[in-house]
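The data block below is upload-v3.cif; it holds mmCIF, C-alpha atoms.
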```cif
data_structure
#
loop_
_atom_site.group_PDB
_atom_site.id
_atom_site.type_symbol
_atom_site.label_atom_id
_atom_site.label_comp_id
_atom_site.auth_asym_id
_atom_site.auth_seq_id
_atom_site.Cartn_x
_atom_site.Cartn_y
_atom_site.Cartn_z
ATOM 1 C CA MET A 1 60.992 97.512 109.812
ATOM 2 C CA SER A 2 63.104 98.613 112.793
ATOM 3 C CA ARG A 3 66.706 99.724 112.363
ATOM 4 C CA SER A 4 67.858 96.491 113.987
ATOM 5 C CA ASP A 5 65.759 94.333 111.612
ATOM 6 C CA PHE A 6 66.974 96.339 108.627
ATOM 7 C CA TYR A 7 70.639 95.981 109.644
ATOM 8 C CA LYS A 8 70.143 92.221 110.114
ATOM 9 C CA TYR A 9 68.538 91.954 106.666
ATOM 10 C CA HIS A 10 71.233 94.118 105.041
ATOM 11 C CA TYR A 11 74.053 92.171 106.697
ATOM 12 C CA GLN A 12 72.650 88.801 105.615
ATOM 13 C CA VAL A 13 71.883 89.639 101.985
ATOM 14 C CA ASP A 14 74.904 91.858 101.256
ATOM 15 C CA PRO A 15 78.122 89.807 101.011
ATOM 16 C CA LYS A 16 80.197 92.953 101.594
ATOM 17 C CA ALA A 17 78.336 94.324 104.601
ATOM 18 C CA GLY A 18 79.911 94.174 108.047
ATOM 19 C CA GLY A 19 78.846 95.931 111.222
ATOM 20 C CA PHE A 20 77.182 99.351 111.087
ATOM 21 C CA ARG A 21 77.319 102.572 113.091
ATOM 22 C CA LEU A 22 74.676 103.283 115.717
ATOM 23 C CA PRO A 23 74.051 106.533 117.603
ATOM 24 C CA ALA A 24 76.774 106.957 120.237
ATOM 25 C CA ASP A 25 74.425 106.340 123.196
ATOM 26 C CA LEU A 26 73.365 102.906 121.914
ATOM 27 C CA ASN A 27 75.240 99.643 122.626
ATOM 28 C CA GLY A 28 77.895 101.561 124.540
ATOM 29 C CA GLY A 29 79.053 103.346 121.392
ATOM 30 C CA LYS A 30 80.286 100.034 119.936
ATOM 31 C CA GLY A 31 77.971 100.125 116.942
ATOM 32 C CA TRP A 32 75.832 97.295 115.577
ATOM 33 C CA ARG A 33 77.869 94.095 115.501
ATOM 34 C CA PRO A 34 76.667 91.002 113.676
ATOM 35 C CA LYS A 35 79.221 88.833 115.482
ATOM 36 C CA GLU A 36 77.672 89.745 118.858
ATOM 37 C CA LEU A 37 74.310 88.569 117.554
ATOM 38 C CA GLY A 38 75.759 85.383 116.060
ATOM 39 C CA LEU A 39 74.379 86.239 112.628
ATOM 40 C CA ILE A 40 75.497 84.243 109.605
ATOM 41 C CA LYS A 41 75.344 85.499 106.028
ATOM 42 C CA TYR A 42 73.008 83.809 103.552
ATOM 43 C CA GLY A 43 74.348 81.511 100.853
ATOM 44 C CA LEU A 44 73.968 82.496 97.190
ATOM 45 C CA PRO A 45 70.458 81.044 96.486
ATOM 46 C CA GLU A 46 68.988 82.446 99.695
ATOM 47 C CA ARG A 47 70.724 85.767 99.078
ATOM 48 C CA ILE A 48 69.188 86.060 95.608
ATOM 49 C CA TRP A 49 65.723 85.065 96.815
ATOM 50 C CA LYS A 50 65.618 87.124 100.005
ATOM 51 C CA GLY A 51 67.395 90.102 98.443
ATOM 52 C CA MET A 52 64.919 90.266 95.560
ATOM 53 C CA PRO A 53 62.234 92.984 95.802
ATOM 54 C CA VAL A 54 58.657 91.709 96.190
ATOM 55 C CA PRO A 55 57.395 93.241 92.869
ATOM 56 C CA LEU A 56 60.107 91.310 90.984
ATOM 57 C CA LYS A 57 59.078 88.081 92.740
ATOM 58 C CA ASP A 58 55.455 88.815 91.787
ATOM 59 C CA ALA A 59 56.441 89.396 88.149
ATOM 60 C CA MET A 60 58.407 86.130 88.070
ATOM 61 C CA ALA A 61 55.518 84.231 89.632
ATOM 62 C CA ALA A 62 53.145 85.666 87.000
ATOM 63 C CA VAL A 63 55.238 84.610 83.978
ATOM 64 C CA PRO A 64 53.925 80.990 83.717
ATOM 65 C CA PHE A 65 50.341 82.276 83.751
ATOM 66 C CA VAL A 66 50.788 84.752 80.899
ATOM 67 C CA ASP A 67 48.982 83.637 77.772
ATOM 68 C CA ALA A 68 51.759 84.671 75.391
ATOM 69 C CA PRO A 69 50.059 83.891 71.995
ATOM 70 C CA ARG A 70 46.941 85.805 72.991
ATOM 71 C CA PHE A 71 49.104 88.679 74.256
ATOM 72 C CA TYR A 72 50.959 88.915 70.942
ATOM 73 C CA ASP A 73 47.686 88.613 68.978
ATOM 74 C CA LYS A 74 46.315 91.552 70.939
ATOM 75 C CA LEU A 75 49.510 93.462 70.339
ATOM 76 C CA GLU A 76 49.334 92.855 66.592
ATOM 77 C CA THR A 77 45.647 93.763 66.301
ATOM 78 C CA SER A 78 46.233 96.959 68.268
ATOM 79 C CA GLN A 79 48.945 97.927 65.790
ATOM 80 C CA MET B 1 98.136 87.641 92.090
ATOM 81 C CA ARG B 2 95.005 88.094 94.122
ATOM 82 C CA VAL B 3 94.363 91.376 95.885
ATOM 83 C CA LYS B 4 92.554 91.396 99.216
ATOM 84 C CA PRO B 5 89.880 94.103 98.858
ATOM 85 C CA TRP B 6 89.313 95.019 102.539
ATOM 86 C CA VAL B 7 91.679 97.297 104.423
ATOM 87 C CA ALA B 8 91.138 97.795 108.155
ATOM 88 C CA PHE B 9 92.943 100.472 110.147
ATOM 89 C CA ARG B 10 92.778 102.773 113.125
ATOM 90 C CA THR B 11 92.739 106.502 112.466
ATOM 91 C CA ASP B 12 93.691 109.628 114.398
ATOM 92 C CA LEU B 13 91.110 111.681 112.514
ATOM 93 C CA PRO B 14 88.191 112.906 114.667
ATOM 94 C CA ASP B 15 84.767 111.276 114.551
ATOM 95 C CA ASP B 16 82.701 113.376 112.122
ATOM 96 C CA GLN B 17 79.410 111.539 112.607
ATOM 97 C CA VAL B 18 76.475 113.939 113.059
ATOM 98 C CA GLU B 19 73.616 112.824 115.297
ATOM 99 C CA ASN B 20 70.446 114.454 116.596
ATOM 100 C CA GLU B 21 68.605 113.305 119.714
ATOM 101 C CA GLN B 22 67.104 110.275 118.005
ATOM 102 C CA ASP B 23 69.194 109.165 115.103
ATOM 103 C CA ILE B 24 72.279 109.507 112.936
ATOM 104 C CA VAL B 25 71.961 112.463 110.550
ATOM 105 C CA VAL B 26 75.287 112.030 108.724
ATOM 106 C CA PHE B 27 77.256 108.802 108.999
ATOM 107 C CA GLY B 28 80.876 109.199 110.063
ATOM 108 C CA GLY B 29 83.837 108.620 107.796
ATOM 109 C CA ARG B 30 83.750 111.466 105.307
ATOM 110 C CA ASN B 31 87.023 112.867 106.659
ATOM 111 C CA VAL B 32 88.616 109.405 106.360
ATOM 112 C CA ALA B 33 87.325 109.038 102.788
ATOM 113 C CA VAL B 34 88.724 112.481 101.902
ATOM 114 C CA ALA B 35 92.113 111.617 103.451
ATOM 115 C CA ILE B 36 92.291 108.322 101.523
ATOM 116 C CA GLY B 37 91.221 110.134 98.350
ATOM 117 C CA GLU B 38 94.085 112.605 98.832
ATOM 118 C CA ILE B 39 96.539 109.719 99.240
ATOM 119 C CA LEU B 40 95.236 108.107 96.040
ATOM 120 C CA ALA B 41 95.470 111.460 94.211
ATOM 121 C CA ARG B 42 99.135 111.700 95.247
ATOM 122 C CA LEU B 43 99.603 108.206 93.781
ATOM 123 C CA GLY B 44 98.511 109.543 90.400
ATOM 124 C CA CYS B 45 94.783 108.744 90.490
ATOM 125 C CA GLU B 46 91.830 110.873 89.487
ATOM 126 C CA VAL B 47 89.601 110.811 92.562
ATOM 127 C CA GLU B 48 85.925 111.780 92.792
ATOM 128 C CA GLU B 49 84.357 113.558 95.764
ATOM 129 C CA PRO B 50 83.108 111.105 98.426
ATOM 130 C CA LYS B 51 79.353 110.545 98.325
ATOM 131 C CA PRO B 52 77.217 109.405 101.260
ATOM 132 C CA ALA B 53 76.145 105.744 101.077
ATOM 133 C CA GLY B 54 73.842 105.595 104.116
ATOM 134 C CA GLU B 55 74.833 102.948 106.658
ATOM 135 C CA ASN B 56 77.549 101.821 104.222
ATOM 136 C CA GLY B 57 79.460 105.018 105.006
ATOM 137 C CA TRP B 58 81.054 107.002 102.185
ATOM 138 C CA GLU B 59 82.056 105.951 98.702
ATOM 139 C CA PHE B 60 84.026 107.396 95.807
ATOM 140 C CA ALA B 61 85.307 106.339 92.409
ATOM 141 C CA VAL B 62 88.963 106.349 91.389
ATOM 142 C CA LYS B 63 90.553 106.301 87.951
ATOM 143 C CA TYR B 64 94.142 105.129 87.556
ATOM 144 C CA LYS B 65 96.269 105.449 84.393
ATOM 145 C CA GLU B 66 93.260 106.611 82.328
ATOM 146 C CA ARG B 67 91.601 103.211 81.877
ATOM 147 C CA HIS B 68 91.613 101.446 85.241
ATOM 148 C CA ARG B 69 88.610 102.170 87.432
ATOM 149 C CA PHE B 70 88.306 101.439 91.125
ATOM 150 C CA TRP B 71 85.654 101.943 93.744
ATOM 151 C CA CYS B 72 86.261 102.740 97.395
ATOM 152 C CA GLN B 73 83.843 102.512 100.275
ATOM 153 C CA VAL B 74 84.808 103.732 103.733
ATOM 154 C CA ASN B 75 82.731 102.601 106.695
ATOM 155 C CA SER B 76 82.998 101.732 110.322
ATOM 156 C CA THR B 77 81.237 100.040 113.210
ATOM 157 C CA SER B 78 82.807 102.257 115.847
ATOM 158 C CA HIS B 79 85.300 105.103 115.691
ATOM 159 C CA PRO B 80 88.383 105.032 115.441
ATOM 160 C CA VAL B 81 88.519 101.714 113.543
ATOM 161 C CA PHE B 82 87.558 102.066 109.891
ATOM 162 C CA ARG B 83 87.339 99.730 106.914
ATOM 163 C CA LEU B 84 88.021 100.538 103.310
ATOM 164 C CA LEU B 85 86.590 98.345 100.570
ATOM 165 C CA PHE B 86 88.894 98.849 97.595
ATOM 166 C CA GLU B 87 87.532 97.124 94.500
ATOM 167 C CA ASN B 88 88.558 96.861 90.876
ATOM 168 C CA MET B 89 85.685 98.032 88.661
ATOM 169 C CA THR B 90 87.576 97.935 85.354
ATOM 170 C CA PHE B 91 85.839 96.025 82.549
ATOM 171 C CA ARG B 92 87.357 92.486 82.486
ATOM 172 C CA SER B 93 88.945 93.202 85.856
ATOM 173 C CA ARG B 94 90.580 89.758 86.001
ATOM 174 C CA ALA B 95 92.420 90.155 82.705
ATOM 175 C CA ALA B 96 96.185 90.210 83.300
ATOM 176 C CA PRO B 97 96.903 93.950 82.657
ATOM 177 C CA ASN B 98 93.893 95.058 84.726
ATOM 178 C CA ALA B 99 94.701 92.694 87.589
ATOM 179 C CA ALA B 100 98.327 93.876 87.517
ATOM 180 C CA ALA B 101 97.240 97.541 87.742
ATOM 181 C CA TYR B 102 94.975 96.641 90.689
ATOM 182 C CA ALA B 103 97.838 94.890 92.505
ATOM 183 C CA GLU B 104 100.211 97.775 91.718
ATOM 184 C CA LEU B 105 97.840 100.419 93.100
ATOM 185 C CA ALA B 106 96.971 98.264 96.138
ATOM 186 C CA LEU B 107 100.672 97.897 96.978
ATOM 187 C CA LYS B 108 101.221 101.646 96.565
ATOM 188 C CA LEU B 109 98.156 102.401 98.705
ATOM 189 C CA ASP B 110 99.348 99.963 101.369
ATOM 190 C CA ALA B 111 102.752 101.644 101.550
ATOM 191 C CA ALA B 112 101.187 105.130 101.635
ATOM 192 C CA LEU B 113 98.708 104.199 104.392
ATOM 193 C CA LYS B 114 101.461 102.652 106.507
ATOM 194 C CA LYS B 115 103.622 105.733 105.992
ATOM 195 C CA SER B 116 100.823 108.175 106.852
ATOM 196 C CA SER B 117 100.716 109.490 110.412
ATOM 197 C CA LEU B 118 96.900 109.460 110.323
ATOM 198 C CA PHE B 119 96.485 105.701 109.960
ATOM 199 C CA HIS B 120 97.757 102.848 112.142
ATOM 200 C CA ASP B 121 97.534 99.034 112.300
ATOM 201 C CA VAL B 122 96.824 98.774 108.571
ATOM 202 C CA CYS B 123 95.725 95.208 107.707
ATOM 203 C CA TRP B 124 94.322 93.756 104.500
ATOM 204 C CA TRP B 125 91.567 91.141 104.480
ATOM 205 C CA SER B 126 90.053 88.926 101.829
ATOM 206 C CA LEU B 127 86.352 89.177 101.007
ATOM 207 C CA LYS B 128 85.792 85.788 102.634
ATOM 208 C CA GLU B 129 87.460 86.758 105.920
ATOM 209 C CA GLY B 130 85.831 90.179 106.158
ATOM 210 C CA PRO B 131 87.424 92.987 108.174
ATOM 211 C CA PRO B 132 87.459 93.371 111.993
ATOM 212 C CA ASP B 133 84.825 95.528 113.690
ATOM 213 C CA ASP B 134 86.708 97.246 116.503
ATOM 214 C CA GLU B 135 90.057 98.075 118.062
ATOM 215 C CA ILE B 136 90.184 94.862 120.112
ATOM 216 C CA GLU B 137 89.586 92.645 117.083
ATOM 217 C CA LEU B 138 92.049 94.677 115.032
ATOM 218 C CA ALA B 139 94.732 94.431 117.728
ATOM 219 C CA GLU B 140 94.141 90.668 118.164
ATOM 220 C CA ALA B 141 94.315 90.144 114.416
ATOM 221 C CA LYS B 142 97.507 92.158 114.285
ATOM 222 C CA LYS B 143 99.038 90.052 117.084
ATOM 223 C CA ARG B 144 98.338 86.724 115.479
ATOM 224 C CA ALA B 145 98.999 88.132 112.029
ATOM 225 C CA ARG B 146 100.596 85.775 109.609
ATOM 226 C CA LYS B 147 103.293 87.146 107.391
ATOM 227 C CA ASP B 148 100.860 87.832 104.545
ATOM 228 C CA ARG B 149 98.185 89.541 106.687
ATOM 229 C CA SER B 150 99.590 93.038 106.586
ATOM 230 C CA GLY B 151 99.993 93.185 102.808
ATOM 231 C CA PRO B 152 97.337 93.489 100.092
ATOM 232 C CA ILE B 153 98.432 90.486 98.046
ATOM 233 C CA SER B 154 97.047 87.136 99.104
ATOM 234 C CA ALA B 155 99.539 84.266 99.379
ATOM 235 C CA ALA B 156 96.798 81.894 98.197
ATOM 236 C CA GLY B 157 96.583 83.645 94.857
ATOM 237 C CA LYS B 158 95.946 82.083 91.500
ATOM 238 C CA GLU B 159 98.648 79.520 92.161
ATOM 239 C CA GLY B 160 97.176 78.647 95.551
ATOM 240 C CA GLY B 161 93.570 78.388 94.403
ATOM 241 C CA ARG B 162 91.754 75.818 92.341
ATOM 242 C CA PRO B 163 89.480 76.410 89.341
ATOM 243 C CA ALA B 164 85.746 76.667 90.010
ATOM 244 C CA TRP B 165 85.019 73.124 88.781
ATOM 245 C CA GLY B 166 81.216 73.455 88.767
ATOM 246 C CA CYS B 167 81.349 76.616 86.665
ATOM 247 C CA LEU B 168 83.939 75.013 84.386
ATOM 248 C CA ALA B 169 81.777 71.920 83.818
ATOM 249 C CA LEU B 170 78.715 74.040 83.068
ATOM 250 C CA ALA B 171 80.713 76.213 80.651
ATOM 251 C CA LEU B 172 81.994 73.081 78.878
ATOM 252 C CA TYR B 173 78.460 71.705 78.590
ATOM 253 C CA VAL B 174 77.094 74.971 77.164
ATOM 254 C CA THR B 175 79.994 75.371 74.689
ATOM 255 C CA LEU B 176 79.715 71.772 73.459
ATOM 256 C CA SER B 177 75.943 72.211 73.082
ATOM 257 C CA GLY B 178 76.619 75.232 70.902
ATOM 258 C CA VAL B 179 79.046 73.235 68.745
ATOM 259 C CA ALA B 180 76.716 70.221 68.543
ATOM 260 C CA ALA B 181 73.589 72.163 67.543
ATOM 261 C CA PRO B 182 74.567 72.872 63.868
ATOM 262 C CA LEU B 183 75.992 69.352 63.485
ATOM 263 C CA LEU B 184 72.685 67.849 64.646
ATOM 264 C CA PHE B 185 70.826 70.197 62.277
ATOM 265 C CA PHE B 186 72.876 69.069 59.251
ATOM 266 C CA VAL B 187 72.447 65.393 60.202
ATOM 267 C CA GLY B 188 68.726 66.137 60.400
ATOM 268 C CA ILE B 189 68.157 65.192 64.027
ATOM 269 C CA ALA B 190 67.362 68.612 65.511
ATOM 270 C CA GLY B 191 66.583 72.219 64.651
ATOM 271 C CA ASP B 192 63.863 73.961 62.639
ATOM 272 C CA THR B 193 65.666 76.445 60.437
ATOM 273 C CA LEU B 194 69.341 76.995 59.683
ATOM 274 C CA GLY B 195 69.186 80.657 60.808
ATOM 275 C CA ALA B 196 67.675 79.863 64.189
ATOM 276 C CA THR B 197 70.101 76.983 64.732
ATOM 277 C CA LEU B 198 73.140 79.101 63.902
ATOM 278 C CA PHE B 199 71.909 81.961 66.087
ATOM 279 C CA GLY B 200 71.313 79.609 69.028
ATOM 280 C CA SER B 201 74.651 77.929 68.441
ATOM 281 C CA ALA B 202 76.574 81.222 68.390
ATOM 282 C CA PHE B 203 74.797 82.362 71.554
ATOM 283 C CA LEU B 204 75.650 79.152 73.415
ATOM 284 C CA ILE B 205 79.299 79.246 72.310
ATOM 285 C CA VAL B 206 79.746 82.877 73.391
ATOM 286 C CA VAL B 207 78.072 82.240 76.781
ATOM 287 C CA GLY B 208 80.088 79.055 77.267
ATOM 288 C CA LEU B 209 83.414 80.716 76.457
ATOM 289 C CA LEU B 210 82.639 83.626 78.804
ATOM 290 C CA GLY B 211 81.905 81.064 81.510
ATOM 291 C CA PHE B 212 85.220 79.317 80.767
ATOM 292 C CA PHE B 213 87.232 82.516 81.170
ATOM 293 C CA ARG B 214 85.328 83.416 84.307
ATOM 294 C CA ALA B 215 85.916 79.985 85.884
ATOM 295 C CA LEU B 216 89.626 79.977 85.064
ATOM 296 C CA ASP B 217 90.155 83.620 86.060
ATOM 297 C CA GLU B 218 88.519 83.218 89.438
ATOM 298 C CA PRO B 219 90.115 80.360 91.342
ATOM 299 C CA VAL B 220 88.306 79.239 94.476
ATOM 300 C CA GLU B 221 90.231 79.749 97.718
ATOM 301 C CA HIS B 222 91.053 76.704 99.831
#
```
Would you write the structure of this file as structure tokens?
Amino acid sequence: MSRSDFYKYHYQVDPKAGGFRLPADLNGGKGWRPKELGLIKYGLPERIWKGMPVPLKDAMAAVPFVDAPRFYDKLETSQ
Amino acid sequence: MRVKPWVAFRTDLPDDQVENEQDIVVFGGRNVAVAIGEILARLGCEVEEPKPAGENGWEFAVKYKERHRFWCQVNSTSHPVFRLLFENMTFRSRAAPNAAAYAELALKLDAALKKSSLFHDVCWWSLKEGPPDDEIELAEAKKRARKDRSGPISAAGKEGGRPAWGCLALALYVTLSGVAAPLLFFVGIAGDTLGATLFGSAFLIVVGLLGFFRALDEPVEH
């Protein structure tokens, strides 16, 4: 992910993020400005979904497929 | 009273950002964070050393009157305009004594920043508005500033807001479900065991009441 893509992502998922610093020789020393790019922050549902790490999404997706009774049976027999 | 958590200002402190040929090595703003920390210390706070927070600048924790905790983050888009995010981190931050301490310290900080020779054009912004990015935006905002812009207390405070109706309705539904569960158990309509029903009921009532307080404490801005 490039610095620009990361700043875009950070700005959109973090409700408290504004513009960020850039090295002085970039963008005329004005820093990275979301307003110049016309970026809009995500709403709450999109923020939760897009801000969630992929492993957590994977774990949530796996929950309906977990055979809970068999899992607990195995747990009990192992004890 | 509702405190606006963002403070934007221009500073006379030098730019302390460290860069190599390709990238930023240390983000600027440590000197600003230290200067603000010193101001807060003079206001009677216990202030931690600023810690780097990557592209978010520098952050430090503040303790006021033993039990009130605050968090400050100093960052910038371009020197010399900086932003300070000054947030109340006290447990039950919206409870009256905690909110009053937040407002008190914000007012003191506002006066100290405006008095300091290092900071200029001090303006406070709500979370929704967000702070300005550069000198031009800051100057424009200052020009068209309403009377309440330069202070930390929002005019549309608790009196000016409205309750979060959706949250309130959900809290009411959850609380009433918690009350109804044991009644339905005793009538014989629902529930397996008395223990499980009472546990579920207590859980729903606690969650519902927390939701109630949250919805009433946090009025939605117009």
**Prompt:** Would you list which chain A residues are within 7 Å of chain B using all atoms listed in the file, as a ChimeraX atom specification?
**Reply:** /A:19-21,23,29-32
File of the preceding selection, C-alpha atoms, as an mmCIF file, in the coordinates of the input:
```cif
data_model
loop_
_atom_site.group_PDB
_atom_site.id
_atom_site.type_symbol
_atom_site.label_atom_id
_atom_site.label_comp_id
_atom_site.auth_asym_id
_atom_site.auth_seq_id
_atom_site.Cartn_x
_atom_site.Cartn_y
_atom_site.Cartn_z
ATOM 1 C CA GLY A 19 78.846 95.931 111.222
ATOM 2 C CA PHE A 20 77.182 99.351 111.087
ATOM 3 C CA ARG A 21 77.319 102.572 113.091
ATOM 4 C CA PRO A 23 74.051 106.533 117.603
ATOM 5 C CA GLY A 29 79.053 103.346 121.392
ATOM 6 C CA LYS A 30 80.286 100.034 119.936
ATOM 7 C CA GLY A 31 77.971 100.125 116.942
ATOM 8 C CA TRP A 32 75.832 97.295 115.577
#
```
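Going from CA of Phe212 (chain B) to CA of Phe70 (chain B) covers 24.6 Å.
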List the neighbours of Lys41 (chain A) out to 12 Å using only C-alpha atoms; skip same-chain residues closer than 2 positions along the sequence, and give me the result as a PDB file with C-alpha atoms, in the frame of the given file.
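The file below, result-v9.pdb, is the result:
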```pdb
ATOM      1  CA  LYS A   8      70.143  92.221 110.114  1.00  0.00           C
ATOM      2  CA  TYR A   9      68.538  91.954 106.666  1.00  0.00           C
ATOM      3  CA  HIS A  10      71.233  94.118 105.041  1.00  0.00           C
ATOM      4  CA  TYR A  11      74.053  92.171 106.697  1.00  0.00           C
ATOM      5  CA  GLN A  12      72.650  88.801 105.615  1.00  0.00           C
ATOM      6  CA  VAL A  13      71.883  89.639 101.985  1.00  0.00           C
ATOM      7  CA  ASP A  14      74.904  91.858 101.256  1.00  0.00           C
ATOM      8  CA  PRO A  15      78.122  89.807 101.011  1.00  0.00           C
ATOM      9  CA  LYS A  16      80.197  92.953 101.594  1.00  0.00           C
ATOM     10  CA  ALA A  17      78.336  94.324 104.601  1.00  0.00           C
ATOM     11  CA  GLY A  18      79.911  94.174 108.047  1.00  0.00           C
ATOM     12  CA  PRO A  34      76.667  91.002 113.676  1.00  0.00           C
ATOM     13  CA  LYS A  35      79.221  88.833 115.482  1.00  0.00           C
ATOM     14  CA  LEU A  37      74.310  88.569 117.554  1.00  0.00           C
ATOM     15  CA  GLY A  38      75.759  85.383 116.060  1.00  0.00           C
ATOM     16  CA  LEU A  39      74.379  86.239 112.628  1.00  0.00           C
ATOM     17  CA  GLY A  43      74.348  81.511 100.853  1.00  0.00           C
ATOM     18  CA  LEU A  44      73.968  82.496  97.190  1.00  0.00           C
ATOM     19  CA  PRO A  45      70.458  81.044  96.486  1.00  0.00           C
ATOM     20  CA  GLU A  46      68.988  82.446  99.695  1.00  0.00           C
ATOM     21  CA  ARG A  47      70.724  85.767  99.078  1.00  0.00           C
ATOM     22  CA  LYS A  50      65.618  87.124 100.005  1.00  0.00           C
ATOM     23  CA  GLY A  51      67.395  90.102  98.443  1.00  0.00           C
TER      24      GLY A  51
ATOM     25  CA  LYS B 128      85.792  85.788 102.634  1.00  0.00           C
ATOM     26  CA  GLY B 130      85.831  90.179 106.158  1.00  0.00           C
TER      27      GLY B 130
END
```
**Asked** What is the distance, in Å and to one decimal place, between CA of Trp125 (chain B) and CA of Arg33 (chain A)?
**Response** 17.8 Å
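CA of Asn88 (chain B) sits 18.9 Å away from CA of Leu210 (chain B).
Among the candidate residues B:Asp192, B:Thr197, B:Arg69, B:Leu172, the one lying nearest to Leu209 (chain B) is B:Leu172, with distances computed using all atoms listed in the file.
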**Request:** Find the residues with any atom within 6 Å of (68.9, 74.1, 58.4); use only C-alpha atoms and the coordinates as given in the file, and write the answer as a PyMOL selection string.
**Result:** chain B and resi 185+193-194
**Asked** Could you list as a list in words every residue that has an atom within 7 Å of (99.1, 103.9, 91.8), using the file's coordinates and counting all atoms listed in the file?
**Response** Leu43, Gly44, Cys45, Tyr64, Glu104, Leu105 and Lys108 of chain B
Using the structure just given, write a file holding all heavy atoms for region 16-21 of chain A, as a short mmCIF file (atom, residue, chain, number, x, y, z; two decimals), in the first residue's frame.
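File out-v1.cif, as written:
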```
data_model
loop_
_atom_site.label_atom_id
_atom_site.label_comp_id
_atom_site.auth_asym_id
_atom_site.auth_seq_id
_atom_site.Cartn_x
_atom_site.Cartn_y
_atom_site.Cartn_z
N LYS A 16 -11.34 10.82 13.67
CA LYS A 16 -10.59 11.95 14.22
C LYS A 16 -9.37 12.30 13.38
O LYS A 16 -8.56 13.12 13.79
CB LYS A 16 -10.16 11.64 15.66
CG LYS A 16 -11.35 11.65 16.59
CD LYS A 16 -11.05 11.02 17.89
CE LYS A 16 -12.33 10.84 18.68
NZ LYS A 16 -12.15 9.99 19.84
N ALA A 17 -9.21 11.67 12.24
CA ALA A 17 -8.04 11.97 11.41
C ALA A 17 -8.34 13.13 10.49
O ALA A 17 -9.43 13.24 9.95
CB ALA A 17 -7.65 10.74 10.60
N GLY A 18 -7.34 14.01 10.33
CA GLY A 18 -7.47 15.12 9.38
C GLY A 18 -6.42 14.93 8.31
O GLY A 18 -6.15 13.80 7.88
N GLY A 19 -5.76 16.02 7.91
CA GLY A 19 -4.67 15.90 6.96
C GLY A 19 -3.42 15.40 7.68
O GLY A 19 -3.38 15.35 8.91
N PHE A 20 -2.41 15.00 6.90
CA PHE A 20 -1.18 14.47 7.50
C PHE A 20 0.03 15.19 6.91
O PHE A 20 -0.04 15.78 5.83
CB PHE A 20 -1.04 12.97 7.22
CG PHE A 20 -2.17 12.16 7.78
CD1 PHE A 20 -3.10 11.56 6.94
CD2 PHE A 20 -2.32 11.98 9.15
CE1 PHE A 20 -4.15 10.80 7.44
CE2 PHE A 20 -3.37 11.22 9.66
CZ PHE A 20 -4.28 10.63 8.80
N ARG A 21 1.15 15.11 7.63
CA ARG A 21 2.40 15.70 7.13
C ARG A 21 2.95 14.84 5.99
O ARG A 21 2.79 13.61 5.97
CB ARG A 21 3.45 15.74 8.24
CG ARG A 21 3.18 16.67 9.39
CD ARG A 21 3.22 18.13 9.06
NE ARG A 21 4.52 18.69 8.71
CZ ARG A 21 5.32 19.32 9.59
NH1 ARG A 21 4.98 19.43 10.85
NH2 ARG A 21 6.46 19.84 9.19
#
```
